[in-house]
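Student: First the structure, which I've put down as structure tokens, then a few questions once you've had a look.
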Amino acid sequence: QVQLVESGGGLVQAGGSLRLSCAASGSIFSVWTMAWYRQAPGTQRELVAYITRGENTIYTDSVKGRFTISRDNAKKTMYLQMNSLKPEDTAVYYCNLISRELPWGQGTQVTVSS
């Protein structure tokens with residue numbers, strides 16, 4: 001069964017940066033459209049960004065120009081470089097297929113202090 005493991009979260013001051021990683025098992029990682037999601041307390045999980053097999057990328061408006069999604073198919077790993085972080089970016093960050101059909105991992109907590 002495919003497993004997703006997120007890492008790289010932490011506590012950072014507003015304006016700071018973090019780089020999240022999503023490691024996936026599964027031999028067909030390279031063909032998946034992968035996505036980052038986040039969920040703040042009391043809110044629904046929302047799509048942050050996704051990257052296609054051809055490395056086309058899409059971002060939600062609130063992170064455009066600040067976040068960069070990328071992937072390394074040889075390492076079966078996806079990344080999210082987060083710059084100019086804001087307190088409203090505070091959430092648990094998850095990765096999954098754009099279809100959300102894989103089991104969710106535990107996520108990684110990102111906390112941005114003002």
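In the structure tokens, chains take letters A, B, ... by order of appearance, with residues numbered from 1 within each chain and ligands from 1 in the order shown.
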Find the residues around segment 86-100 of chain A up to 8 Å (only C-alpha atoms counted), leave out those fewer than 4 positions away in its own chain, and share them as a list in words.
Tutor: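 The residues satisfying every condition are Leu4, Glu6, Ala14, Gly15, Cys22, Trp32, Thr33, Met34, Ala35, Trp36, Tyr37, Arg38, Gln39, Ala40, Pro41, Tyr50, Trp104, Gly105, Gln106, Gly107, Thr108, Gln109, Val110, Thr111, Val112, Ser113 and Ser114 of chain A.
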Student: Report, in Å with one decimal, the straight-line distance from atom CA of Glu101 of chain A to atom CA of Ser62 of chain A.
Tutor: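 Computed distance, atom CA of Glu101 of chain A to atom CA of Ser62 of chain A, equals 24.7 Å.
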Student: In Å, how far is it from atom CA of Gly54 of chain A to atom CA of Gly8 of chain A?
Tutor: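 Answer for the atom CA of Gly54 of chain A to atom CA of Gly8 of chain A separation: 24.8 Å.
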Student: If you run DSSP on the backbone here, which positions in segment 26-68 of chain A get helix (DSSP H, G or I)? Please write them as an MDAnalysis selection string.
Tutor: chainID A and resid 29:31 61:63
Student: Quick one: residues within 6 Å of Ser21 of chain A, only C-alpha atoms, excluding same-chain residues fewer than 5 positions away - as a VMD selection string?
Tutor: chain A and resid 6 to 7 78 to 79
Student: Keeping only N, CA, C and O atoms, take the residues you just selected and write them out as a JSON list (two decimals), in the first residue's frame.
Tutor:
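What landed in selection.json:
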```json
[["chain", "number", "residue", "atom", "x", "y", "z"],
["A", 6, "GLU", "N", 4.94, 13.17, 5.43],
["A", 6, "GLU", "CA", 5.26, 14.58, 5.36],
["A", 6, "GLU", "C", 6.25, 14.94, 6.47],
["A", 6, "GLU", "O", 6.19, 14.37, 7.57],
["A", 7, "SER", "N", 7.13, 15.90, 6.17],
["A", 7, "SER", "CA", 8.10, 16.37, 7.15],
["A", 7, "SER", "C", 8.54, 17.79, 6.81],
["A", 7, "SER", "O", 8.23, 18.29, 5.73],
["A", 78, "MET", "N", 8.18, 14.98, -3.06],
["A", 78, "MET", "CA", 7.65, 16.27, -3.47],
["A", 78, "MET", "C", 8.00, 17.29, -2.40],
["A", 78, "MET", "O", 8.11, 16.93, -1.21],
["A", 79, "TYR", "N", 8.16, 18.52, -2.81],
["A", 79, "TYR", "CA", 8.57, 19.57, -1.88],
["A", 79, "TYR", "C", 7.62, 20.75, -1.96],
["A", 79, "TYR", "O", 6.95, 20.97, -2.96]]
```
